[in-house]
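**Student:** One file is attached below, coords.csv, containing CSV, C-alpha atoms.
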chain,number,residue,atom,x,y,z
D,1,MET,CA,99.6,89.7,95.8
D,2,THR,CA,102.1,91.5,93.6
D,3,ASP,CA,102.6,94.0,90.8
D,4,SER,CA,103.4,92.2,87.6
D,5,VAL,CA,106.4,93.1,85.4
D,6,THR,CA,106.1,92.2,81.7
D,7,ASP,CA,108.7,89.6,80.9
D,8,ARG,CA,109.5,87.2,78.1
D,9,VAL,CA,108.3,84.0,79.9
D,10,THR,CA,105.5,82.3,78.1
D,11,ASP,CA,102.6,80.6,79.8
D,12,ASP,CA,104.2,77.2,79.0
D,13,ASP,CA,107.4,78.3,80.7
D,14,ALA,CA,105.9,80.1,83.7
D,15,VAL,CA,105.9,76.9,85.7
D,16,LEU,CA,108.8,74.5,85.0
D,17,THR,CA,108.3,70.8,85.8
D,18,ARG,CA,110.9,68.1,86.0
D,19,VAL,CA,111.4,64.7,87.7
D,20,GLU,CA,114.7,63.9,89.3
D,21,GLY,CA,114.9,60.5,90.8
D,22,ARG,CA,112.0,60.0,93.2
D,23,ALA,CA,111.0,63.8,93.3
D,24,GLY,CA,108.8,65.8,91.0
D,25,HIS,CA,109.8,69.5,90.9
D,26,LEU,CA,107.7,72.6,90.3
D,27,THR,CA,109.5,75.9,89.8
D,28,LEU,CA,107.5,79.1,89.5
D,29,ASN,CA,109.3,80.8,86.7
D,30,ARG,CA,108.4,84.5,86.5
D,31,PRO,CA,111.3,86.0,88.4
D,32,ARG,CA,111.0,89.5,87.0
D,33,ALA,CA,107.4,89.5,88.4
D,34,LEU,CA,108.5,87.8,91.6
D,35,ASN,CA,106.8,84.7,90.3
D,36,ALA,CA,103.4,86.2,90.4
D,37,LEU,CA,100.7,83.6,89.8
D,38,THR,CA,98.5,83.6,86.7
D,39,HIS,CA,95.6,81.3,85.7
D,40,PRO,CA,97.7,79.3,83.3
D,41,MET,CA,100.3,78.8,86.1
D,42,VAL,CA,97.6,77.4,88.4
D,43,THR,CA,96.4,75.1,85.6
D,44,ARG,CA,99.9,73.8,85.0
D,45,ILE,CA,100.6,73.1,88.7
D,46,ALA,CA,97.3,71.2,88.9
D,47,GLU,CA,98.1,69.1,85.9
D,48,ALA,CA,101.5,68.2,87.2
D,49,LEU,CA,100.1,67.2,90.6
D,50,THR,CA,97.6,64.9,88.8
D,51,ALA,CA,100.3,63.2,86.8
D,52,TRP,CA,102.6,62.7,89.7
D,53,GLU,CA,99.9,61.5,92.0
D,54,ARG,CA,99.3,58.6,89.5
D,55,ASP,CA,103.0,58.0,89.0
D,56,PRO,CA,104.4,55.5,91.5
D,57,ALA,CA,108.0,56.6,90.6
D,58,VAL,CA,107.3,60.0,92.0
D,59,GLU,CA,107.3,59.9,95.8
D,60,THR,CA,107.8,63.5,96.7
D,61,VAL,CA,106.8,66.9,95.2
D,62,VAL,CA,108.9,70.0,95.7
D,63,ILE,CA,107.9,73.5,94.8
D,64,ASP,CA,110.3,76.5,94.7
D,65,GLY,CA,110.6,79.8,92.9
D,66,ALA,CA,113.0,81.0,90.2
D,67,GLY,CA,115.4,83.9,91.0
D,68,GLU,CA,116.8,85.2,94.2
D,69,ARG,CA,113.9,87.2,95.6
D,70,GLY,CA,111.4,84.6,96.7
D,71,LEU,CA,109.0,81.8,96.1
D,72,CYS,CA,106.0,83.9,95.0
D,73,ALA,CA,104.7,87.4,96.0
D,74,GLY,CA,101.1,86.5,95.2
D,75,GLY,CA,98.6,86.7,92.4
D,76,ASP,CA,99.2,89.0,89.5
D,77,ILE,CA,97.0,91.9,90.6
D,78,ARG,CA,97.5,93.9,87.5
D,79,LEU,CA,95.4,91.2,85.7
D,80,ILE,CA,92.6,91.7,88.2
D,81,HIS,CA,92.6,95.4,87.6
D,82,GLN,CA,92.5,94.9,83.9
D,83,ASP,CA,89.8,92.3,84.1
D,84,VAL,CA,87.5,94.4,86.3
D,85,THR,CA,87.9,97.6,84.4
D,86,ALA,CA,87.6,96.0,81.0
D,87,GLY,CA,86.0,92.7,81.4
D,88,GLY,CA,83.6,92.8,84.3
D,89,GLY,CA,85.5,90.4,86.6
D,90,ALA,CA,84.6,87.0,85.1
D,91,ALA,CA,88.2,86.1,84.5
D,92,SER,CA,89.2,86.9,88.1
D,93,ARG,CA,86.3,84.7,89.4
D,94,ALA,CA,87.4,81.8,87.2
D,95,PHE,CA,91.0,82.2,88.3
D,96,TRP,CA,90.0,82.2,92.0
D,97,ARG,CA,87.8,79.1,91.5
D,98,ASP,CA,90.8,77.1,90.1
D,99,GLU,CA,93.3,78.7,92.5
D,100,TYR,CA,91.3,77.8,95.6
D,101,THR,CA,90.6,74.3,94.3
D,102,LEU,CA,94.4,73.9,93.8
D,103,ASN,CA,95.0,75.1,97.4
D,104,ILE,CA,92.7,72.4,98.7
D,105,ARG,CA,94.4,69.9,96.4
D,106,ILE,CA,97.8,70.8,97.9
D,107,ALA,CA,96.4,70.5,101.5
D,108,ARG,CA,95.0,67.0,100.7
D,109,TYR,CA,97.8,65.8,98.5
D,110,PRO,CA,98.6,62.1,99.3
D,111,LYS,CA,102.3,62.4,98.7
D,112,PRO,CA,104.8,64.6,100.6
D,113,TYR,CA,104.5,68.1,99.2
D,114,VAL,CA,107.7,70.1,100.1
D,115,ALA,CA,107.4,73.9,99.9
D,116,LEU,CA,110.7,75.8,99.8
D,117,MET,CA,109.5,79.1,101.2
D,118,ASP,CA,112.7,81.0,100.7
D,119,GLY,CA,112.5,84.8,100.4
D,120,ILE,CA,109.2,86.6,99.8
D,121,VAL,CA,106.1,84.4,100.2
D,122,MET,CA,102.9,86.4,100.1
D,123,GLY,CA,99.3,86.1,99.2
D,124,GLY,CA,98.9,83.4,96.5
D,125,GLY,CA,102.4,82.3,97.3
D,126,VAL,CA,101.2,81.3,100.8
D,127,GLY,CA,98.4,79.4,99.1
D,128,VAL,CA,100.7,77.2,97.1
D,129,SER,CA,103.1,76.6,100.0
D,130,ALA,CA,101.6,76.9,103.5
D,131,HIS,CA,99.0,74.2,102.9
D,132,GLY,CA,101.7,71.7,102.0
D,133,GLY,CA,102.7,68.8,104.3
D,134,VAL,CA,106.4,70.0,104.6
D,135,ARG,CA,106.9,73.8,104.8
D,136,ILE,CA,110.5,75.0,104.9
D,137,VAL,CA,111.5,78.6,105.6
D,138,THR,CA,114.9,80.1,105.7
D,139,GLU,CA,116.7,83.1,107.3
D,140,ARG,CA,115.6,85.1,104.3
D,141,SER,CA,111.9,84.2,104.4
D,142,LEU,CA,109.2,87.0,104.7
D,143,VAL,CA,105.8,85.5,104.9
D,144,ALA,CA,102.6,87.6,104.7
D,145,MET,CA,99.0,88.0,103.7
D,146,PRO,CA,99.1,91.8,102.8
D,147,GLU,CA,95.7,92.0,101.2
D,148,THR,CA,94.3,94.9,103.3
D,149,THR,CA,96.9,97.2,101.8
D,150,ILE,CA,95.1,97.0,98.4
D,151,GLY,CA,91.6,97.0,99.8
D,152,PHE,CA,91.2,93.2,99.6
D,153,VAL,CA,90.8,90.4,102.2
D,154,PRO,CA,93.2,87.5,102.9
D,155,ASP,CA,92.2,84.5,100.7
D,156,VAL,CA,93.9,81.3,99.4
D,157,GLY,CA,93.0,79.8,102.8
D,158,GLY,CA,94.9,82.5,104.6
D,159,THR,CA,92.0,83.2,106.9
D,160,HIS,CA,92.0,79.5,107.8
D,161,LEU,CA,95.7,79.5,108.6
D,162,LEU,CA,95.6,82.8,110.5
D,163,ALA,CA,92.5,81.8,112.5
D,164,ARG,CA,94.4,78.9,113.9
D,165,ALA,CA,97.5,80.9,115.0
D,166,PRO,CA,98.0,81.2,118.8
D,167,GLY,CA,95.9,83.8,120.6
D,168,GLU,CA,95.3,86.8,118.4
D,169,LEU,CA,98.5,86.6,116.4
D,170,GLY,CA,96.6,85.7,113.3
D,171,THR,CA,94.2,88.5,113.6
D,172,HIS,CA,97.1,90.9,114.0
D,173,LEU,CA,98.8,89.6,110.8
D,174,ALA,CA,95.5,89.5,108.8
D,175,LEU,CA,94.6,93.1,109.6
D,176,THR,CA,98.1,94.7,109.4
D,177,GLY,CA,99.4,92.5,106.5
D,178,ALA,CA,102.7,92.4,108.3
D,179,SER,CA,105.4,90.0,107.2
D,180,VAL,CA,107.0,87.6,109.5
D,181,GLY,CA,110.4,85.8,109.4
D,182,ALA,CA,111.2,82.2,110.0
D,183,ALA,CA,110.6,81.9,113.8
D,184,ASP,CA,107.3,83.8,113.7
D,185,ALA,CA,106.1,81.8,110.7
D,186,LEU,CA,106.7,78.6,112.7
D,187,ARG,CA,105.0,80.2,115.7
D,188,CYS,CA,101.9,81.1,113.7
D,189,GLY,CA,101.6,77.7,112.0
D,190,LEU,CA,102.6,78.9,108.6
D,191,ALA,CA,105.8,76.8,108.3
D,192,ASP,CA,107.3,73.7,109.9
D,193,HIS,CA,111.1,73.7,109.5
D,194,VAL,CA,114.0,76.1,109.1
D,195,VAL,CA,116.8,75.3,106.7
D,196,PRO,CA,119.6,77.7,105.8
D,197,SER,CA,119.1,79.1,102.3
D,198,GLU,CA,122.5,78.0,101.2
D,199,GLN,CA,121.6,74.4,102.1
D,200,LEU,CA,118.4,74.3,99.9
D,201,PRO,CA,120.2,73.0,96.7
D,202,ALA,CA,121.8,70.1,98.7
D,203,LEU,CA,118.5,69.3,100.4
D,204,THR,CA,116.8,69.3,97.0
D,205,ARG,CA,119.4,66.9,95.5
D,206,ASP,CA,119.0,64.5,98.4
D,207,LEU,CA,115.2,64.4,97.9
D,208,ALA,CA,115.9,62.8,94.6
D,209,ALA,CA,117.3,59.7,96.3
D,210,GLU,CA,115.8,59.6,99.8
D,211,PRO,CA,112.4,60.1,101.6
D,212,VAL,CA,111.7,63.5,103.1
D,213,ALA,CA,111.8,62.1,106.7
D,214,ASP,CA,115.4,60.9,106.2
D,215,VAL,CA,116.6,64.1,104.5
D,216,LEU,CA,115.1,66.8,106.7
D,217,PRO,CA,117.0,66.0,110.0
D,218,ARG,CA,120.3,66.6,108.2
D,219,TYR,CA,119.4,70.1,107.2
D,220,ALA,CA,116.8,71.6,109.7
D,221,VAL,CA,118.2,74.0,112.3
D,222,GLU,CA,116.7,75.8,115.3
D,223,ALA,CA,114.7,78.9,114.4
D,224,PRO,CA,116.2,82.2,115.3
D,225,ALA,CA,114.4,84.4,117.8
D,226,GLY,CA,111.2,86.0,116.6
D,227,THR,CA,109.4,89.1,117.7
D,228,LEU,CA,105.7,88.2,118.1
D,229,ASP,CA,106.0,86.3,121.4
D,230,GLY,CA,107.4,89.4,123.1
D,231,ARG,CA,104.3,91.3,121.9
D,232,ARG,CA,101.7,88.6,122.8
D,233,GLU,CA,100.4,90.4,125.8
D,234,TRP,CA,99.3,93.6,124.0
D,235,ILE,CA,98.4,91.8,120.8
D,236,ASP,CA,96.1,89.3,122.6
D,237,HIS,CA,94.5,92.1,124.6
D,238,CYS,CA,93.9,94.6,121.8
D,239,TYR,CA,92.8,92.2,119.1
D,240,ALA,CA,90.3,90.5,121.4
D,241,ALA,CA,88.0,93.5,121.0
D,242,ASP,CA,84.7,93.1,119.2
D,243,THR,CA,85.3,95.8,116.5
D,244,VAL,CA,88.1,97.2,114.5
D,245,GLU,CA,87.4,100.6,116.0
D,246,GLU,CA,87.9,99.2,119.5
D,247,ILE,CA,91.0,97.3,118.4
D,248,VAL,CA,92.5,100.6,117.2
D,249,ASP,CA,91.5,102.4,120.5
D,250,ARG,CA,93.1,99.7,122.6
D,251,LEU,CA,96.3,99.8,120.5
D,252,MET,CA,96.5,103.6,121.0
D,253,ALA,CA,95.8,103.3,124.7
D,254,VAL,CA,98.0,100.3,125.8
D,255,GLY,CA,101.1,102.4,126.2
D,256,GLU,CA,103.4,100.4,123.9
D,257,PRO,CA,105.2,102.3,121.1
D,258,ALA,CA,104.9,99.2,118.8
D,259,ALA,CA,101.1,99.1,119.5
D,260,LYS,CA,100.7,102.8,118.6
D,261,GLU,CA,102.6,102.2,115.4
D,262,THR,CA,100.3,99.3,114.6
D,263,ALA,CA,97.2,101.4,115.1
D,264,GLU,CA,98.6,104.0,112.7
D,265,THR,CA,99.3,101.2,110.2
D,266,LEU,CA,95.7,100.0,110.5
D,267,LEU,CA,94.3,103.5,110.0
D,268,ALA,CA,96.1,103.7,106.6
D,269,LYS,CA,94.4,100.5,105.4
D,270,SER,CA,91.0,100.2,103.6
D,271,PRO,CA,88.4,100.6,106.4
D,272,THR,CA,86.1,98.2,104.6
D,273,ALA,CA,88.8,95.6,104.1
D,274,LEU,CA,89.7,95.8,107.8
D,275,LYS,CA,86.1,95.2,108.9
D,276,VAL,CA,85.5,92.4,106.4
D,277,THR,CA,88.9,90.8,107.3
D,278,LEU,CA,88.0,90.7,111.0
D,279,ALA,CA,84.7,89.1,110.2
D,280,ALA,CA,86.3,86.6,107.9
D,281,VAL,CA,89.0,85.5,110.4
D,282,ARG,CA,86.4,85.1,113.1
D,283,GLY,CA,84.1,83.3,110.7
D,284,ALA,CA,86.9,80.9,109.8
D,285,ARG,CA,87.4,79.9,113.4
D,286,ALA,CA,83.8,78.9,113.6
D,287,LEU,CA,83.7,77.1,110.2
D,288,GLY,CA,86.6,74.8,111.0
D,289,SER,CA,87.5,72.9,107.9
D,290,LEU,CA,89.7,74.4,105.1
D,291,GLU,CA,87.0,73.6,102.5
D,292,ARG,CA,84.3,75.6,104.3
D,293,VAL,CA,86.6,78.5,104.8
D,294,MET,CA,87.7,78.5,101.2
D,295,GLU,CA,84.0,78.7,100.2
D,296,GLN,CA,83.6,81.7,102.5
D,297,GLU,CA,86.7,83.3,101.0
D,298,TYR,CA,85.4,82.9,97.5
D,299,ARG,CA,82.2,84.8,98.4
D,300,VAL,CA,84.3,87.6,99.9
D,301,SER,CA,86.7,87.8,97.0
D,302,CYS,CA,83.9,87.9,94.4
D,303,ALA,CA,82.2,90.7,96.4
D,304,ALA,CA,85.4,92.7,96.6
D,305,LEU,CA,85.6,92.8,92.8
D,306,TYR,CA,82.5,95.0,92.8
D,307,ARG,CA,83.4,97.3,95.6
D,308,PRO,CA,85.5,100.4,95.0
D,309,ASP,CA,88.5,99.7,97.3
D,310,LEU,CA,90.1,96.8,95.6
D,311,ILE,CA,90.5,98.5,92.2
D,312,GLU,CA,91.5,101.7,94.0
D,313,GLY,CA,94.1,99.9,96.1
D,314,ILE,CA,95.6,98.3,93.1
D,315,ARG,CA,95.7,101.6,91.3
D,316,ALA,CA,97.4,103.3,94.2
D,317,GLN,CA,100.0,100.5,94.8
D,318,VAL,CA,100.9,99.3,91.3
D,319,ILE,CA,99.2,101.3,88.5
D,320,ASP,CA,99.9,104.9,89.4
D,321,LYS,CA,102.1,104.0,92.4
D,322,ASP,CA,101.2,107.2,94.3
D,323,ARG,CA,100.6,105.1,97.4
D,324,ARG,CA,97.7,107.4,98.2
D,325,PRO,CA,94.5,105.3,98.0
D,326,ARG,CA,91.2,107.1,98.3
D,327,TRP,CA,89.2,104.6,100.3
D,328,SER,CA,85.4,104.6,100.0
D,329,PRO,CA,84.1,104.8,102.7
D,330,ALA,CA,87.2,106.7,104.1
D,331,ALA,CA,86.6,106.0,107.8
D,332,LEU,CA,85.9,103.0,109.9
D,333,ALA,CA,82.8,104.5,111.4
D,334,GLU,CA,81.3,104.9,107.9
D,335,VAL,CA,81.5,101.1,107.2
D,336,THR,CA,78.2,99.6,108.3
D,337,ASP,CA,77.4,96.1,109.5
D,338,ALA,CA,75.1,95.7,106.5
D,339,GLU,CA,78.0,96.5,104.1
D,340,VAL,CA,80.2,94.0,105.8
D,341,ALA,CA,77.5,91.3,105.7
D,342,GLY,CA,77.1,91.9,102.0
D,343,PHE,CA,80.6,90.4,101.4
D,344,PHE,CA,79.4,87.0,102.7
D,345,VAL,CA,76.4,86.6,100.3
D,346,PRO,CA,76.8,84.0,97.6
D,347,PRO,CA,77.9,85.5,94.2
D,348,VAL,CA,75.3,85.8,91.5
D,349,ASP,CA,77.0,83.2,89.3
D,350,GLY,CA,77.0,80.6,92.1
D,351,ASP,CA,79.1,79.5,95.1
D,352,LEU,CA,82.3,77.6,95.0
D,353,ARG,CA,81.6,74.1,96.3
D,354,LEU,CA,84.4,72.0,97.6
D,355,ASP,CA,84.5,68.4,98.7
D,356,GLY,CA,85.5,67.7,102.3
Transcribe the structure of this file into structure tokens.
**Tutor:**
Amino acid sequence: MTDSVTDRVTDDDAVLTRVEGRAGHLTLNRPRALNALTHPMVTRIAEALTAWERDPAVETVVIDGAGERGLCAGGDIRLIHQDVTAGGGAASRAFWRDEYTLNIRIARYPKPYVALMDGIVMGGGVGVSAHGGVRIVTERSLVAMPETTIGFVPDVGGTHLLARAPGELGTHLALTGASVGAADALRCGLADHVVPSEQLPALTRDLAAEPVADVLPRYAVEAPAGTLDGRREWIDHCYAADTVEEIVDRLMAVGEPAAKETAETLLAKSPTALKVTLAAVRGARALGSLERVMEQEYRVSCAALYRPDLIEGIRAQVIDKDRRPRWSPAALAEVTDAEVAGFFVPPVDGDLRLDG
């Protein structure tokens, strides 16, 4: 998720659509806000996907982001703050219903859906890309689910994706909110191919004339070395613990400087968000299908609207920008099992029900 910057882009222009040859193109077009997603943007993407699914001339869908910084840094969290403080949260719940339904739509789309995950791809940006059938990262890619930093929990199917990563890598990324480059994105199942960023315009042009399967081999390269494989031993050991407290203790005790730094990173996050995130990722493993996980995420997201840490986290990160959130409760030991369980209760206005 990202801080929004006011810009001159209207709702109609925030997602640009065009058809070139056999390819339909979606461009997220709020570059000053790092293409942060709004509800009208989600609606526009969904409408384009419906039109192109029915159009036999469109054989491939391509999504990218305007500007040089990235595809999308997430949902517009200033709007969530405004909604909860002034409107009670109804607009945020409606946004998530449509956003999560769109994420499922992307995952089940019957035509090749090519996501150009160049630059920053976080939160909701992962939702509109990493569920696609062809996910392309570059040497500039930084992929993350950073929600615990703002007192929130990974959503948009993020817990589903991270629960399926090798070993405990997904748990590590979910709790820390750490970003990964191209190699580690492939390793964790968040992407499929690496293409140099300078080659993306040529790849895009070729998709207008040829199928994805014919175009990709001309551009895909071997991924550069990542960092996570070299840390698997301590990551798998530490994050296999039953509780966040024990994870932190193991990270402190394992004797690796990077593990100690990770423990310190965790201790700066929302204690409630950490505990709910651990439960959500482990619940996602048991639930299996993306649809069931999304339904769980909707419950958790709605619950977070009415707990103090989400609004406080947004305040500290993007409203006042003091980077000094006052979490409540302030310590892991003060977050009870009953409080965590309360995040998984159906919201008062009804569950999200998804086919599949």
**Student:** Would you give me, as JSON lines, each residue of region 113-214 of chain D having an atom within 6 Å of an atom of region 71-89 of chain D, along with its shortest atom pair and that distance in Å to one decimal, using all atoms listed in the file and sorting by chain and residue number?
**Tutor:**
{"residue": "D:Met117", "atom": "CA", "partner": "D:Leu71", "partner_atom": "CA", "distance": 5.8}
{"residue": "D:Asp118", "atom": "CA", "partner": "D:Leu71", "partner_atom": "CA", "distance": 6.0}
{"residue": "D:Ile120", "atom": "CA", "partner": "D:Ala73", "partner_atom": "CA", "distance": 5.9}
{"residue": "D:Val121", "atom": "CA", "partner": "D:Cys72", "partner_atom": "CA", "distance": 5.2}
{"residue": "D:Met122", "atom": "CA", "partner": "D:Ala73", "partner_atom": "CA", "distance": 4.6}
{"residue": "D:Gly123", "atom": "CA", "partner": "D:Gly74", "partner_atom": "CA", "distance": 4.4}
{"residue": "D:Gly124", "atom": "CA", "partner": "D:Gly74", "partner_atom": "CA", "distance": 4.0}
{"residue": "D:Gly125", "atom": "CA", "partner": "D:Cys72", "partner_atom": "CA", "distance": 4.6}
**Student:** Dump C-alpha atoms for the selected residues as a PDB file, keeping the file's coordinate frame?
**Tutor:**
ATOM      1  CA  MET D 117     109.500  79.100 101.200  1.00  0.00           C
ATOM      2  CA  ASP D 118     112.700  81.000 100.700  1.00  0.00           C
ATOM      3  CA  ILE D 120     109.200  86.600  99.800  1.00  0.00           C
ATOM      4  CA  VAL D 121     106.100  84.400 100.200  1.00  0.00           C
ATOM      5  CA  MET D 122     102.900  86.400 100.100  1.00  0.00           C
ATOM      6  CA  GLY D 123      99.300  86.100  99.200  1.00  0.00           C
ATOM      7  CA  GLY D 124      98.900  83.400  96.500  1.00  0.00           C
ATOM      8  CA  GLY D 125     102.400  82.300  97.300  1.00  0.00           C
TER       9      GLY D 125
END
**Student:** Mind pulling up the distance from CA of Thr171 (chain D) to CA of Val126 (chain D)?
**Tutor:**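 Computed distance, CA of Val126 (chain D) to CA of Thr171 (chain D), equals 16.3 Å.
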**Student:** List as a PyMOL selection string the protein and nucleic acid residues near Leu352 (chain D), meaning an atom at most 8 Å away when all atoms listed in the file are counted, but skip any in the same chain fewer than 5 places from it.
**Tutor:** chain D and resi 97+295+298-299
**Student:** Please provide as a list in words all residues within 10 Å of Asp349 (chain D), with the sequence filter that same-chain residues fewer than 3 positions apart are discarded (counting all atoms listed in the file).
**Tutor:**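 Listed by chain and then number, they are Ala90, Arg93, Cys302, Pro346 and Leu352 of chain D.
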**Student:** Find the residues around Thr272 (chain D) up to 8 Å (all atoms listed in the file counted), leave out those fewer than 5 positions away in its own chain, and share them as a list in words.
**Tutor:**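 Answer for this query is Gly151, Asp309, Ser328, Pro329, Leu332, Val335 and Val340 of chain D.
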**Student:** Find, counting all atoms listed in the file, the residue in D:Pro110, D:Gly158, D:Gly119, D:Gly255 that gets nearest to Ala66 (chain D).
**Tutor:** D:Gly119
**Student:** List every protein, DNA or RNA residue that has an atom no more than 8 Å from (96.0, 76.4, 102.6) in the file's coordinate frame, counting only C-alpha atoms, and report them as a list in words.
**Tutor:** Asn103, Ile104, Ile106, Ala107, Val126, Gly127, Val128, Ser129, Ala130, His131, Gly132, Val156, Gly157, Gly158, His160, Leu161 and Leu290 of chain D
**Student:** Which is closer to Val300 (chain D) than all the others in D:Asp206, D:Glu256, D:Glu233, D:Asp155, using all atoms listed in the file?
**Tutor:**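 Nearest to Val300 (chain D): D:Asp155.
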**Student:** Taking 6 positions as the minimum chain separation for residues in the same chain, which residues sit within 12 Å of Gln296 (chain D) when counting only C-alpha atoms? Answer as a count of residues only.
**Tutor:** 35
**Student:** Need to verify the contact set: Trp234 (chain D), 10 Å, all atoms listed in the file, exclusion of same-chain residues closer than 6 positions in sequence. Can you return it as a ChimeraX atom specification?
**Tutor:** /D:168,240,250-251,254-256,258-259
**Student:** Restricting the calculation to all atoms listed in the file, which member of D:Lys111, D:Arg218, D:Ser92, D:Ala253 is positioned closest to Tyr306 (chain D)?
**Tutor:**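 Going through D:Lys111, D:Arg218, D:Ser92, D:Ala253 one by one, the smallest distance to Tyr306 (chain D) is for D:Ser92.
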**Student:** Please tell me which residues are no farther than 9 Å from (94.2, 99.5, 92.5) in the file, counting all atoms listed in the file, and write them as a list of chain:residue names.
**Tutor:**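 Every polymer residue passing the test: D:Ile77, D:Arg78, D:His81, D:Ile150, D:Gly151, D:Asp309, D:Leu310, D:Ile311, D:Glu312, D:Gly313, D:Ile314, D:Arg315, D:Ala316, D:Gln317, D:Val318, D:Ile319, D:Asp320, D:Pro325.
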**Student:** Please, which residues in region 154-175 of chain D fall within 9 Å of region 180-187 of chain D when counting only C-alpha atoms, and what is the closest atom pair and distance in Å to one decimal for each, ordered by chain then residue number, as CSV?
**Tutor:**
residue,atom,partner,partner_atom,distance
D:Ala165,CA,D:Arg187,CA,7.6
D:Pro166,CA,D:Arg187,CA,7.7
D:Leu173,CA,D:Val180,CA,8.5
**Student:** Work out how far apart CA of Val137 (chain D) and CA of Gly167 (chain D) are and give it in Å to one decimal.
**Tutor:** 22.3 Å
**Student:** Enter the distance from CA of Ala209 (chain D) to CA of Leu28 (chain D), in Å, rounded to one decimal.
**Tutor:**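 Taking CA of Ala209 (chain D) and CA of Leu28 (chain D), their separation equals 22.8 Å.
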